[in-house]
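*Asks:* This is upload.cif, which holds mmCIF, C-alpha atoms:
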```cif
data_structure
#
loop_
_atom_site.group_PDB
_atom_site.id
_atom_site.type_symbol
_atom_site.label_atom_id
_atom_site.label_comp_id
_atom_site.auth_asym_id
_atom_site.auth_seq_id
_atom_site.Cartn_x
_atom_site.Cartn_y
_atom_site.Cartn_z
ATOM 1 C CA MET W 14 0.000 0.000 0.000
ATOM 2 C CA SER W 15 1.170 3.531 -0.840
ATOM 3 C CA VAL W 16 -0.276 6.934 0.046
ATOM 4 C CA TRP W 17 0.258 9.721 -2.475
ATOM 5 C CA ALA W 18 -0.590 13.427 -2.266
ATOM 6 C CA ILE W 19 -1.267 15.071 -5.638
ATOM 7 C CA GLY W 20 -1.041 18.782 -6.401
ATOM 8 C CA ASP W 21 -3.593 21.084 -8.012
ATOM 9 C CA LEU W 22 -5.286 19.468 -11.016
ATOM 10 C CA GLN W 23 -7.350 22.407 -12.305
ATOM 11 C CA GLY W 24 -9.047 20.290 -14.917
ATOM 12 C CA CYS W 25 -5.875 18.613 -16.217
ATOM 13 C CA TYR W 26 -7.307 15.141 -16.799
ATOM 14 C CA ASP W 27 -4.660 13.842 -19.199
ATOM 15 C CA PRO W 28 -1.713 14.715 -16.904
ATOM 16 C CA LEU W 29 -3.555 13.072 -14.008
ATOM 17 C CA GLN W 30 -3.921 9.877 -16.007
ATOM 18 C CA ARG W 31 -0.211 9.961 -16.841
ATOM 19 C CA LEU W 32 0.695 10.536 -13.198
ATOM 20 C CA LEU W 33 -1.466 7.670 -11.929
ATOM 21 C CA GLU W 34 0.172 5.402 -14.461
ATOM 22 C CA LYS W 35 3.657 6.544 -13.500
ATOM 23 C CA ILE W 36 3.132 5.885 -9.762
ATOM 24 C CA ARG W 37 1.487 2.565 -10.662
ATOM 25 C CA PHE W 38 -1.609 3.491 -8.707
ATOM 26 C CA ASP W 39 -3.667 0.499 -7.579
ATOM 27 C CA PRO W 40 -7.125 1.527 -6.314
ATOM 28 C CA ALA W 41 -7.424 -1.757 -4.447
ATOM 29 C CA ALA W 42 -4.345 -1.033 -2.326
ATOM 30 C CA ASP W 43 -3.268 2.623 -2.571
ATOM 31 C CA ARG W 44 -4.669 5.902 -1.263
ATOM 32 C CA LEU W 45 -4.698 9.332 -2.885
ATOM 33 C CA TRP W 46 -4.791 12.751 -1.224
ATOM 34 C CA PHE W 47 -5.880 15.548 -3.566
ATOM 35 C CA CYS W 48 -4.795 19.030 -2.447
ATOM 36 C CA GLY W 49 -7.765 20.833 -3.982
ATOM 37 C CA ASP W 50 -8.529 22.979 -7.019
ATOM 38 C CA LEU W 51 -9.708 19.979 -8.966
ATOM 39 C CA VAL W 52 -11.358 22.226 -11.555
ATOM 40 C CA ASN W 53 -11.044 25.272 -13.800
ATOM 41 C CA ARG W 54 -8.768 26.456 -16.603
ATOM 42 C CA GLY W 55 -7.462 23.079 -17.740
ATOM 43 C CA GLY W 56 -10.204 22.332 -20.258
ATOM 44 C CA GLN W 57 -11.059 18.890 -18.816
ATOM 45 C CA SER W 58 -12.719 19.767 -15.521
ATOM 46 C CA LEU W 59 -15.706 17.501 -16.126
ATOM 47 C CA GLU W 60 -13.530 14.472 -16.862
ATOM 48 C CA THR W 61 -11.285 15.278 -13.915
ATOM 49 C CA LEU W 62 -14.203 15.505 -11.488
ATOM 50 C CA GLN W 63 -15.672 12.285 -12.827
ATOM 51 C CA LEU W 64 -12.373 10.468 -12.383
ATOM 52 C CA VAL W 65 -11.709 11.735 -8.847
ATOM 53 C CA HIS W 66 -15.335 10.959 -7.917
ATOM 54 C CA SER W 67 -14.887 7.413 -9.232
ATOM 55 C CA LEU W 68 -11.873 7.069 -6.886
ATOM 56 C CA ARG W 69 -13.737 8.377 -3.814
ATOM 57 C CA ALA W 70 -13.458 5.054 -1.950
ATOM 58 C CA CYS W 71 -9.657 5.291 -1.993
ATOM 59 C CA SER W 72 -9.062 9.029 -1.850
ATOM 60 C CA VAL W 73 -9.561 12.180 0.202
ATOM 61 C CA VAL W 74 -9.993 15.709 -1.121
ATOM 62 C CA THR W 75 -9.496 19.126 0.421
ATOM 63 C CA LEU W 76 -11.424 21.942 -1.207
ATOM 64 C CA GLY W 77 -9.632 24.735 -3.017
ATOM 65 C CA ASN W 78 -10.839 28.197 -3.930
ATOM 66 C CA HIS W 79 -11.761 27.100 -7.465
ATOM 67 C CA ASP W 80 -13.787 24.172 -6.125
ATOM 68 C CA LEU W 81 -15.732 26.433 -3.766
ATOM 69 C CA SER W 82 -16.282 28.906 -6.582
ATOM 70 C CA LEU W 83 -17.759 26.160 -8.754
ATOM 71 C CA LEU W 84 -20.111 25.171 -5.922
ATOM 72 C CA ALA W 85 -21.208 28.787 -5.498
ATOM 73 C CA ILE W 86 -21.822 29.224 -9.218
ATOM 74 C CA GLY W 87 -23.838 25.988 -9.193
ATOM 75 C CA GLU W 88 -26.346 27.664 -6.858
ATOM 76 C CA ARG W 89 -26.956 30.620 -9.184
ATOM 77 C CA ARG W 90 -29.543 31.110 -11.907
ATOM 78 C CA GLU W 91 -29.029 29.311 -15.202
ATOM 79 C CA GLU W 92 -28.354 32.498 -17.163
ATOM 80 C CA GLU W 93 -25.543 33.377 -14.763
ATOM 81 C CA GLN W 94 -24.081 29.890 -15.026
ATOM 82 C CA ARG W 95 -23.976 30.218 -18.812
ATOM 83 C CA ARG W 96 -21.683 33.237 -18.537
ATOM 84 C CA VAL W 97 -18.764 31.352 -16.952
ATOM 85 C CA ASN W 98 -15.933 29.851 -18.976
ATOM 86 C CA GLU W 99 -16.553 26.813 -21.165
ATOM 87 C CA ASP W 100 -14.581 24.479 -18.924
ATOM 88 C CA LEU W 101 -16.897 25.104 -15.967
ATOM 89 C CA ARG W 102 -20.034 25.215 -18.143
ATOM 90 C CA ARG W 103 -19.351 21.639 -19.185
ATOM 91 C CA VAL W 104 -19.574 20.651 -15.504
ATOM 92 C CA LEU W 105 -22.585 22.829 -14.713
ATOM 93 C CA PHE W 106 -24.663 21.465 -17.601
ATOM 94 C CA ALA W 107 -23.508 17.845 -17.524
ATOM 95 C CA GLU W 108 -26.067 15.090 -16.954
ATOM 96 C CA ASP W 109 -24.280 14.062 -13.747
ATOM 97 C CA ARG W 110 -23.729 17.598 -12.417
ATOM 98 C CA ASP W 111 -25.920 17.124 -9.345
ATOM 99 C CA LEU W 112 -24.077 13.949 -8.419
ATOM 100 C CA LEU W 113 -20.670 15.569 -8.892
ATOM 101 C CA LEU W 114 -21.463 18.872 -7.158
ATOM 102 C CA GLY W 115 -23.253 17.115 -4.318
ATOM 103 C CA TRP W 116 -20.202 14.956 -3.731
ATOM 104 C CA LEU W 117 -17.786 17.888 -4.046
ATOM 105 C CA ARG W 118 -19.692 19.872 -1.422
ATOM 106 C CA THR W 119 -19.126 17.110 1.149
ATOM 107 C CA GLN W 120 -15.337 17.285 0.923
ATOM 108 C CA LYS W 121 -13.065 18.796 3.591
ATOM 109 C CA LEU W 122 -11.099 21.958 4.235
ATOM 110 C CA LEU W 123 -8.502 19.992 6.209
ATOM 111 C CA HIS W 124 -7.592 16.334 6.369
ATOM 112 C CA ALA W 125 -5.334 14.960 9.115
ATOM 113 C CA ASP W 126 -3.936 11.492 9.704
ATOM 114 C CA ARG W 127 -1.991 11.346 12.953
ATOM 115 C CA ALA W 128 -0.972 7.734 12.488
ATOM 116 C CA LEU W 129 0.623 8.759 9.197
ATOM 117 C CA GLY W 130 1.981 12.028 10.608
ATOM 118 C CA TRP W 131 0.508 14.279 7.913
ATOM 119 C CA MET W 132 -2.199 16.858 7.385
ATOM 120 C CA MET W 133 -3.426 18.386 4.122
ATOM 121 C CA VAL W 134 -4.940 21.774 3.325
ATOM 122 C CA HIS W 135 -5.283 23.585 0.032
ATOM 123 C CA ALA W 136 -3.426 26.822 0.793
ATOM 124 C CA GLY W 137 -2.128 27.203 4.349
ATOM 125 C CA LEU W 138 -2.705 27.918 8.035
ATOM 126 C CA ALA W 139 -2.949 31.176 9.970
ATOM 127 C CA PRO W 140 0.277 31.911 11.902
ATOM 128 C CA LYS W 141 -1.148 31.221 15.360
ATOM 129 C CA TRP W 142 -3.170 28.127 14.437
ATOM 130 C CA THR W 143 -1.930 24.893 15.929
ATOM 131 C CA THR W 144 -2.956 21.656 14.271
ATOM 132 C CA THR W 145 -5.780 21.181 16.780
ATOM 133 C CA MET W 146 -7.051 24.728 16.303
ATOM 134 C CA ALA W 147 -6.968 24.358 12.520
ATOM 135 C CA GLU W 148 -8.965 21.132 12.707
ATOM 136 C CA ARG W 149 -11.554 22.795 14.919
ATOM 137 C CA HIS W 150 -11.960 25.771 12.586
ATOM 138 C CA ALA W 151 -12.217 23.523 9.541
ATOM 139 C CA ARG W 152 -14.987 21.495 11.155
ATOM 140 C CA GLU W 153 -16.947 24.708 11.868
ATOM 141 C CA VAL W 154 -17.177 25.564 8.187
ATOM 142 C CA GLU W 155 -17.576 21.964 7.018
ATOM 143 C CA ARG W 156 -20.661 21.542 9.185
ATOM 144 C CA ARG W 157 -22.278 24.502 7.430
ATOM 145 C CA LEU W 158 -21.093 23.474 3.989
ATOM 146 C CA HIS W 159 -22.337 19.902 4.391
ATOM 147 C CA GLY W 160 -25.658 20.931 5.939
ATOM 148 C CA GLU W 161 -28.966 22.253 4.688
ATOM 149 C CA ASP W 162 -27.879 25.881 5.128
ATOM 150 C CA HIS W 163 -24.981 25.584 2.696
ATOM 151 C CA ARG W 164 -26.525 27.970 0.129
ATOM 152 C CA LYS W 165 -26.239 30.907 2.501
ATOM 153 C CA LEU W 166 -22.586 30.132 3.143
ATOM 154 C CA LEU W 167 -21.756 29.776 -0.564
ATOM 155 C CA LYS W 168 -23.539 33.028 -1.387
ATOM 156 C CA ASN W 169 -21.747 35.058 1.299
ATOM 157 C CA MET W 170 -18.264 33.528 1.405
ATOM 158 C CA TYR W 171 -16.718 35.984 -1.074
ATOM 159 C CA GLY W 172 -14.671 38.933 0.135
ATOM 160 C CA ASP W 173 -11.226 39.841 1.471
ATOM 161 C CA LYS W 174 -12.508 41.087 4.821
ATOM 162 C CA PRO W 175 -12.474 40.686 7.720
ATOM 163 C CA ALA W 176 -9.031 39.419 8.660
ATOM 164 C CA TRP W 177 -9.048 36.367 10.887
ATOM 165 C CA SER W 178 -9.664 36.994 14.584
ATOM 166 C CA PRO W 179 -10.828 34.501 17.227
ATOM 167 C CA SER W 180 -13.574 36.964 18.193
ATOM 168 C CA LEU W 181 -15.316 36.805 14.806
ATOM 169 C CA THR W 182 -18.790 35.272 14.599
ATOM 170 C CA GLY W 183 -21.263 34.234 11.932
ATOM 171 C CA ILE W 184 -20.544 34.575 8.233
ATOM 172 C CA ASP W 185 -17.586 36.897 8.885
ATOM 173 C CA ARG W 186 -15.903 34.126 10.857
ATOM 174 C CA GLU W 187 -16.676 31.508 8.221
ATOM 175 C CA ARG W 188 -15.407 33.752 5.404
ATOM 176 C CA ALA W 189 -12.164 34.437 7.267
ATOM 177 C CA ILE W 190 -11.610 30.719 7.892
ATOM 178 C CA ILE W 191 -12.272 29.869 4.239
ATOM 179 C CA ASN W 192 -9.842 32.565 3.097
ATOM 180 C CA VAL W 193 -7.079 31.123 5.261
ATOM 181 C CA PHE W 194 -7.569 27.552 4.115
ATOM 182 C CA THR W 195 -8.055 28.302 0.407
ATOM 183 C CA ARG W 196 -6.424 31.647 -0.496
ATOM 184 C CA LEU W 197 -3.432 32.204 1.793
ATOM 185 C CA ARG W 198 0.059 32.831 0.414
ATOM 186 C CA TYR W 199 1.528 35.857 2.158
ATOM 187 C CA CYS W 200 0.443 37.447 5.403
ATOM 188 C CA THR W 201 1.601 39.771 8.160
ATOM 189 C CA PRO W 202 2.790 38.430 11.523
ATOM 190 C CA ARG W 203 -0.718 39.142 12.826
ATOM 191 C CA GLY W 204 -2.237 37.015 10.087
ATOM 192 C CA ARG W 205 -3.632 39.650 7.726
ATOM 193 C CA ILE W 206 -3.623 38.078 4.256
ATOM 194 C CA ALA W 207 -2.125 39.941 1.286
ATOM 195 C CA PHE W 208 -4.516 38.589 -1.330
ATOM 196 C CA GLU W 209 -3.019 40.554 -4.209
ATOM 197 C CA GLU W 210 0.498 39.124 -3.768
ATOM 198 C CA LYS W 211 0.911 35.956 -5.856
ATOM 199 C CA GLY W 212 4.549 35.952 -6.928
ATOM 200 C CA ALA W 213 7.424 33.814 -5.719
ATOM 201 C CA PRO W 214 9.035 34.600 -2.355
ATOM 202 C CA GLY W 215 11.265 37.624 -2.668
ATOM 203 C CA THR W 216 8.765 39.590 -4.741
ATOM 204 C CA GLN W 217 6.534 40.574 -1.818
ATOM 205 C CA PRO W 218 6.621 43.982 -0.099
ATOM 206 C CA ALA W 219 8.404 44.418 3.219
ATOM 207 C CA GLY W 220 6.426 43.243 6.224
ATOM 208 C CA LEU W 221 4.845 40.285 4.432
ATOM 209 C CA TYR W 222 5.958 36.674 4.872
ATOM 210 C CA PRO W 223 5.119 33.363 3.243
ATOM 211 C CA TRP W 224 2.581 31.862 5.652
ATOM 212 C CA TYR W 225 4.989 29.092 6.667
ATOM 213 C CA GLU W 226 7.792 31.562 7.578
ATOM 214 C CA VAL W 227 5.919 34.071 9.743
ATOM 215 C CA PRO W 228 7.957 34.959 12.868
ATOM 216 C CA GLY W 229 6.372 33.580 16.027
ATOM 217 C CA ARG W 230 4.179 31.096 14.167
ATOM 218 C CA ALA W 231 2.705 28.158 16.059
ATOM 219 C CA GLU W 232 4.515 24.831 16.232
ATOM 220 C CA ARG W 233 2.644 22.026 14.465
ATOM 221 C CA ASP W 234 2.845 18.349 15.304
ATOM 222 C CA LEU W 235 2.099 17.137 11.774
ATOM 223 C CA LYS W 236 3.807 17.664 8.442
ATOM 224 C CA ILE W 237 1.680 19.740 6.068
ATOM 225 C CA VAL W 238 1.115 19.046 2.377
ATOM 226 C CA CYS W 239 -0.590 21.769 0.363
ATOM 227 C CA GLY W 240 -1.011 23.298 -3.087
ATOM 228 C CA HIS W 241 -2.461 26.593 -4.359
ATOM 229 C CA TRP W 242 0.799 28.508 -4.939
ATOM 230 C CA SER W 243 2.021 27.663 -8.436
ATOM 231 C CA THR W 244 4.674 30.401 -8.541
ATOM 232 C CA LEU W 245 6.234 28.909 -5.414
ATOM 233 C CA GLY W 246 6.702 25.608 -7.229
ATOM 234 C CA LEU W 247 7.851 22.507 -5.407
ATOM 235 C CA PHE W 248 8.842 23.689 -1.936
ATOM 236 C CA ILE W 249 9.940 21.668 1.077
ATOM 237 C CA GLY W 250 10.806 23.417 4.319
ATOM 238 C CA HIS W 251 9.539 24.333 7.795
ATOM 239 C CA GLY W 252 7.522 21.113 7.882
ATOM 240 C CA VAL W 253 5.620 22.172 4.743
ATOM 241 C CA TYR W 254 5.509 20.316 1.437
ATOM 242 C CA ALA W 255 3.993 22.535 -1.272
ATOM 243 C CA ILE W 256 3.273 20.589 -4.447
ATOM 244 C CA ASP W 257 1.381 22.865 -6.846
ATOM 245 C CA THR W 258 3.871 22.901 -9.698
ATOM 246 C CA GLY W 259 1.719 24.658 -12.288
ATOM 247 C CA ALA W 260 0.364 21.761 -14.334
ATOM 248 C CA VAL W 261 -2.374 23.971 -15.765
ATOM 249 C CA TRP W 262 0.204 26.560 -16.892
ATOM 250 C CA GLY W 263 2.345 24.044 -18.740
ATOM 251 C CA GLY W 264 4.454 23.121 -15.718
ATOM 252 C CA ARG W 265 4.337 19.705 -14.094
ATOM 253 C CA LEU W 266 1.858 17.665 -12.081
ATOM 254 C CA THR W 267 3.401 16.398 -8.858
ATOM 255 C CA ALA W 268 2.786 13.447 -6.541
ATOM 256 C CA LEU W 269 4.459 13.105 -3.141
ATOM 257 C CA GLN W 270 4.533 9.774 -1.321
ATOM 258 C CA LEU W 271 3.479 10.213 2.299
ATOM 259 C CA ASP W 272 3.965 6.751 3.810
ATOM 260 C CA THR W 273 7.743 6.564 3.519
ATOM 261 C CA ASP W 274 10.665 8.096 5.372
ATOM 262 C CA GLU W 275 12.374 8.719 2.056
ATOM 263 C CA LEU W 276 11.526 11.825 0.047
ATOM 264 C CA ARG W 277 9.836 10.454 -3.035
ATOM 265 C CA VAL W 278 8.469 12.918 -5.580
ATOM 266 C CA VAL W 279 7.079 11.856 -8.957
ATOM 267 C CA GLN W 280 6.225 14.332 -11.699
ATOM 268 C CA VAL W 281 4.791 14.294 -15.216
ATOM 269 C CA PRO W 282 4.416 17.076 -17.777
ATOM 270 C CA GLY W 283 1.349 19.227 -17.265
ATOM 271 C CA ARG W 284 -1.097 20.576 -19.795
ATOM 272 C CA ASP W 285 0.109 21.467 -23.268
ATOM 273 C CA VAL W 286 -0.164 25.241 -23.407
ATOM 274 C CA PRO W 287 -0.020 26.719 -26.915
ATOM 275 C CA ALA W 288 2.787 29.204 -27.277
ATOM 276 C CA LYS W 289 1.566 32.742 -27.704
ATOM 277 C CA PRO W 290 2.607 34.314 -31.012
ATOM 278 C CA PRO W 291 5.034 37.174 -30.522
ATOM 279 C CA ARG W 292 3.393 40.552 -30.370
ATOM 280 C CA PRO W 293 4.209 42.651 -33.424
ATOM 281 C CA ARG W 294 6.555 45.494 -32.589
ATOM 282 C CA PRO W 295 5.387 48.960 -33.578
ATOM 283 C CA PRO W 296 7.480 50.713 -36.228
ATOM 284 C CA GLN W 297 10.502 52.348 -34.678
ATOM 285 C CA PRO W 298 11.634 55.806 -35.777
ATOM 286 C CA HIS W 299 15.046 55.888 -37.403
ATOM 287 C CA ARG W 300 17.713 57.158 -35.048
ATOM 288 C CA PRO W 301 21.238 57.803 -36.360
ATOM 289 C CA GLN W 302 23.822 55.760 -34.511
ATOM 290 C CA PRO W 303 26.873 57.380 -32.919
ATOM 291 C CA ALA W 304 30.134 56.858 -34.749
ATOM 292 C CA THR W 305 32.558 54.274 -33.438
ATOM 293 C CA ALA W 306 36.127 53.493 -34.392
ATOM 294 C CA GLY W 307 36.322 52.871 -38.105
ATOM 295 C CA GLN W 308 33.024 54.594 -38.831
ATOM 296 C CA VAL W 309 32.500 57.984 -40.443
ATOM 297 C CA ARG W 310 29.276 59.901 -39.985
ATOM 298 C CA THR W 311 28.207 61.873 -43.072
#
```
Just give me the structure as structure tokens.

*Replies:*
Amino acid sequence: MSVWAIGDLQGCYDPLQRLLEKIRFDPAADRLWFCGDLVNRGGQSLETLQLVHSLRACSVVTLGNHDLSLLAIGERREEEQRRVNEDLRRVLFAEDRDLLLGWLRTQKLLHADRALGWMMVHAGLAPKWTTTMAERHAREVERRLHGEDHRKLLKNMYGDKPAWSPSLTGIDRERAIINVFTRLRYCTPRGRIAFEEKGAPGTQPAGLYPWYEVPGRAERDLKIVCGHWSTLGLFIGHGVYAIDTGAVWGGRLTALQLDTDELRVVQVPGRDVPAKPPRPRPPQPHRPQPATAGQVRT
């Protein structure tokens, strides 16, 4: 038996098939952990959802921001659903959409396996959250998301405010928790998320830190595997294993084996992204060049 965590799929069905073949995945013996963002942009979101759903008996999924967005769009009026991109429309108007979206809504924000020594989230954890605190906050939102009142949560979860605080209540609290689990990259030492900063470490303004490097952050008793941050690439450090390696952007799709003391990473090429034709350069005015040795200006 092997346990593999797999980075963001974002509708990249063909790379997922190649990766499962390369790790010699056996659904009768192996387990898969999907880090979230199963859908959007890759062109094969319907096929990807159908495949991961078919593997539900031997896999766990944490929800990403694109997955939650799909669920929210699925609750809107048909004319609004028809205005989203073609990749998501194929899911929203598929014959099995209710089955797939109903299953997706019951997935987690955090998965932990203490016997294995690992936990999985899509994006990250607030600086002061211990493992136990993170589990408790995830369960708060999951109860709403899995219950009869899920439509209200999906309708009101959007927004960058408020920043996380233990004193928050109601939808503000749920929105802040969702933002941490599904949108976090950089934050301040007090946990305020810089949503607009998406580049690789070193590009952020002063005073912001990658969430796993914040000074004074809580100690965690489990290793963390996550995705979400494609510009970070494959990153291992501070007890964090980030495995979104940009498959949807033409990078690679990554699997990390969790049930071994050895570091075992397997990758396959991601989606084929057509090269953009070079932009035509506007005509340049003629400028006389300065004379150099051996040249005479006339």

*Asks:* Near stretch 197-208 of chain W, within 10 Å and counting all atoms listed in the file, which residues show up once chain neighbours fewer than 5 positions away are dropped, as a ChimeraX atom specification?

*Replies:* /W:135-142,173-178,189,191-192,213-214,217-230,241-242,245

*Asks:* Write the selection just made, keeping C-alpha atoms, as a CSV table (one decimal), in the frame of the given file?

*Replies:*
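And here's out-v5.csv as it stands now:
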```
chain,number,residue,atom,x,y,z
W,135,HIS,CA,-5.3,23.6,0.0
W,136,ALA,CA,-3.4,26.8,0.8
W,137,GLY,CA,-2.1,27.2,4.3
W,138,LEU,CA,-2.7,27.9,8.0
W,139,ALA,CA,-2.9,31.2,10.0
W,140,PRO,CA,0.3,31.9,11.9
W,141,LYS,CA,-1.1,31.2,15.4
W,142,TRP,CA,-3.2,28.1,14.4
W,173,ASP,CA,-11.2,39.8,1.5
W,174,LYS,CA,-12.5,41.1,4.8
W,175,PRO,CA,-12.5,40.7,7.7
W,176,ALA,CA,-9.0,39.4,8.7
W,177,TRP,CA,-9.0,36.4,10.9
W,178,SER,CA,-9.7,37.0,14.6
W,189,ALA,CA,-12.2,34.4,7.3
W,191,ILE,CA,-12.3,29.9,4.2
W,192,ASN,CA,-9.8,32.6,3.1
W,213,ALA,CA,7.4,33.8,-5.7
W,214,PRO,CA,9.0,34.6,-2.4
W,217,GLN,CA,6.5,40.6,-1.8
W,218,PRO,CA,6.6,44.0,-0.1
W,219,ALA,CA,8.4,44.4,3.2
W,220,GLY,CA,6.4,43.2,6.2
W,221,LEU,CA,4.8,40.3,4.4
W,222,TYR,CA,6.0,36.7,4.9
W,223,PRO,CA,5.1,33.4,3.2
W,224,TRP,CA,2.6,31.9,5.7
W,225,TYR,CA,5.0,29.1,6.7
W,226,GLU,CA,7.8,31.6,7.6
W,227,VAL,CA,5.9,34.1,9.7
W,228,PRO,CA,8.0,35.0,12.9
W,229,GLY,CA,6.4,33.6,16.0
W,230,ARG,CA,4.2,31.1,14.2
W,241,HIS,CA,-2.5,26.6,-4.4
W,242,TRP,CA,0.8,28.5,-4.9
W,245,LEU,CA,6.2,28.9,-5.4
```

*Asks:* For a quick check of understanding, using all atoms listed in the file, which of W:Ile249, W:Val154, W:Leu32, W:Leu62 has the smallest distance to W:Ala107?

*Replies:*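 Among the listed residues, W:Leu62 lies closest to W:Ala107.
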
*Asks:* Counting all atoms listed in the file, which residue out of W:Ser58, W:Gly87, W:Asn78, W:Arg284 sits closest to W:Arg31?

*Replies:*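 Ranked by minimum distance to W:Arg31, first place goes to W:Arg284.
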
*Asks:* So that I can check the surroundings of W:Asp27, please list as a list in words every protein, DNA and RNA residue that reaches within 10 Å of it, counting all atoms listed in the file and ignoring chain neighbours fewer than 2 positions away.

*Replies:*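 Neighbouring residues, sequence-local ones excluded: Leu22, Gly24, Cys25, Leu29, Gln30, Arg31, Leu32, Gly55, Gln57, Glu60, Thr61, Pro282, Gly283, Arg284 and Asp285 of chain W.
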
*Asks:* So that I have them on file, write out the residues from the current selection with C-alpha atoms, as a PDB file, keeping the file's coordinate frame.

*Replies:*
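So the final result, stored in out07.pdb, reads:
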```pdb
ATOM      1  CA  LEU W  22      -5.286  19.468 -11.016  1.00  0.00           C
ATOM      2  CA  GLY W  24      -9.047  20.290 -14.917  1.00  0.00           C
ATOM      3  CA  CYS W  25      -5.875  18.613 -16.217  1.00  0.00           C
ATOM      4  CA  LEU W  29      -3.555  13.072 -14.008  1.00  0.00           C
ATOM      5  CA  GLN W  30      -3.921   9.877 -16.007  1.00  0.00           C
ATOM      6  CA  ARG W  31      -0.211   9.961 -16.841  1.00  0.00           C
ATOM      7  CA  LEU W  32       0.695  10.536 -13.198  1.00  0.00           C
ATOM      8  CA  GLY W  55      -7.462  23.079 -17.740  1.00  0.00           C
ATOM      9  CA  GLN W  57     -11.059  18.890 -18.816  1.00  0.00           C
ATOM     10  CA  GLU W  60     -13.530  14.472 -16.862  1.00  0.00           C
ATOM     11  CA  THR W  61     -11.285  15.278 -13.915  1.00  0.00           C
ATOM     12  CA  PRO W 282       4.416  17.076 -17.777  1.00  0.00           C
ATOM     13  CA  GLY W 283       1.349  19.227 -17.265  1.00  0.00           C
ATOM     14  CA  ARG W 284      -1.097  20.576 -19.795  1.00  0.00           C
ATOM     15  CA  ASP W 285       0.109  21.467 -23.268  1.00  0.00           C
TER      16      ASP W 285
END
```

*Asks:* Find the residues around W:Thr273 up to 12 Å (all atoms listed in the file counted), leave out those fewer than 5 positions away in its own chain, and share them as a PyMOL selection string.

*Replies:* chain W and resi 14-17+129-131+278

*Asks:* Generate the output file for the selected residues, C-alpha atoms, as a PDB file, keeping the file's coordinate frame.

*Replies:*
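As written to disk, out_38.pdb reads:
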```
ATOM      1  CA  MET W  14       0.000   0.000   0.000  1.00  0.00           C
ATOM      2  CA  SER W  15       1.170   3.531  -0.840  1.00  0.00           C
ATOM      3  CA  VAL W  16      -0.276   6.934   0.046  1.00  0.00           C
ATOM      4  CA  TRP W  17       0.258   9.721  -2.475  1.00  0.00           C
ATOM      5  CA  LEU W 129       0.623   8.759   9.197  1.00  0.00           C
ATOM      6  CA  GLY W 130       1.981  12.028  10.608  1.00  0.00           C
ATOM      7  CA  TRP W 131       0.508  14.279   7.913  1.00  0.00           C
ATOM      8  CA  VAL W 278       8.469  12.918  -5.580  1.00  0.00           C
TER       9      VAL W 278
END
```

*Asks:* Leaving out stretch 156-168 of chain W and any residue of its chain fewer than 4 positions from it, which residues lie within 10 Å of it when counting all atoms listed in the file, given as a ChimeraX atom specification?

*Replies:* /W:81-89,115-121,151-152,183-184,187-188

*Asks:* Once you add 5 Å to each side, what are the centre and edge lengths of the axis-aligned box holding all listed atoms of stretch 176-181 of chain W? One decimal in Å, as AutoDock Vina command-line options, if you can.

*Replies:*
```
--center_x -12.2 --center_y 37.0 --center_z 13.4 --size_x 16.3 --size_y 14.9 --size_z 19.5
```

*Asks:* With the PyMOL selection byres ((chain W and resi 76) around 6) as the selection, what would be picked from this file? Answer as a VMD selection string, please.

*Replies:* chain W and resid 49 75 77 80 121 to 122

*Asks:* For this structure, which residues satisfy the selection - the PyMOL selection byres ((chain W and resi 270) around 12) - when it is evaluated on the file as given? I want them as an mmCIF file with C-alpha atoms, in the coordinates of the input.

*Replies:*
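Generated output (part_5.cif):
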```cif
data_model
loop_
_atom_site.group_PDB
_atom_site.id
_atom_site.type_symbol
_atom_site.label_atom_id
_atom_site.label_comp_id
_atom_site.auth_asym_id
_atom_site.auth_seq_id
_atom_site.Cartn_x
_atom_site.Cartn_y
_atom_site.Cartn_z
ATOM 1 C CA MET W 14 0.000 0.000 0.000
ATOM 2 C CA SER W 15 1.170 3.531 -0.840
ATOM 3 C CA VAL W 16 -0.276 6.934 0.046
ATOM 4 C CA TRP W 17 0.258 9.721 -2.475
ATOM 5 C CA ALA W 18 -0.590 13.427 -2.266
ATOM 6 C CA ILE W 19 -1.267 15.071 -5.638
ATOM 7 C CA GLY W 20 -1.041 18.782 -6.401
ATOM 8 C CA ILE W 36 3.132 5.885 -9.762
ATOM 9 C CA PHE W 38 -1.609 3.491 -8.707
ATOM 10 C CA ASP W 43 -3.268 2.623 -2.571
ATOM 11 C CA ARG W 44 -4.669 5.902 -1.263
ATOM 12 C CA LEU W 45 -4.698 9.332 -2.885
ATOM 13 C CA TRP W 46 -4.791 12.751 -1.224
ATOM 14 C CA LEU W 129 0.623 8.759 9.197
ATOM 15 C CA TRP W 131 0.508 14.279 7.913
ATOM 16 C CA VAL W 238 1.115 19.046 2.377
ATOM 17 C CA TYR W 254 5.509 20.316 1.437
ATOM 18 C CA ILE W 256 3.273 20.589 -4.447
ATOM 19 C CA THR W 267 3.401 16.398 -8.858
ATOM 20 C CA ALA W 268 2.786 13.447 -6.541
ATOM 21 C CA LEU W 269 4.459 13.105 -3.141
ATOM 22 C CA LEU W 271 3.479 10.213 2.299
ATOM 23 C CA ASP W 272 3.965 6.751 3.810
ATOM 24 C CA THR W 273 7.743 6.564 3.519
ATOM 25 C CA ASP W 274 10.665 8.096 5.372
ATOM 26 C CA GLU W 275 12.374 8.719 2.056
ATOM 27 C CA LEU W 276 11.526 11.825 0.047
ATOM 28 C CA ARG W 277 9.836 10.454 -3.035
ATOM 29 C CA VAL W 278 8.469 12.918 -5.580
ATOM 30 C CA VAL W 279 7.079 11.856 -8.957
ATOM 31 C CA GLN W 280 6.225 14.332 -11.699
#
```

*Asks:* When the PyMOL selection byres ((chain W and resi 125) around 10) is applied to the structure above, which residues does it catch, written out as a list of chain:residue names?

*Replies:* W:Leu123, W:His124, W:Asp126, W:Arg127, W:Ala128, W:Leu129, W:Gly130, W:Trp131, W:Met132, W:Met133, W:Val134, W:Thr144, W:Thr145, W:Glu148, W:Leu235, W:Lys236, W:Ile237
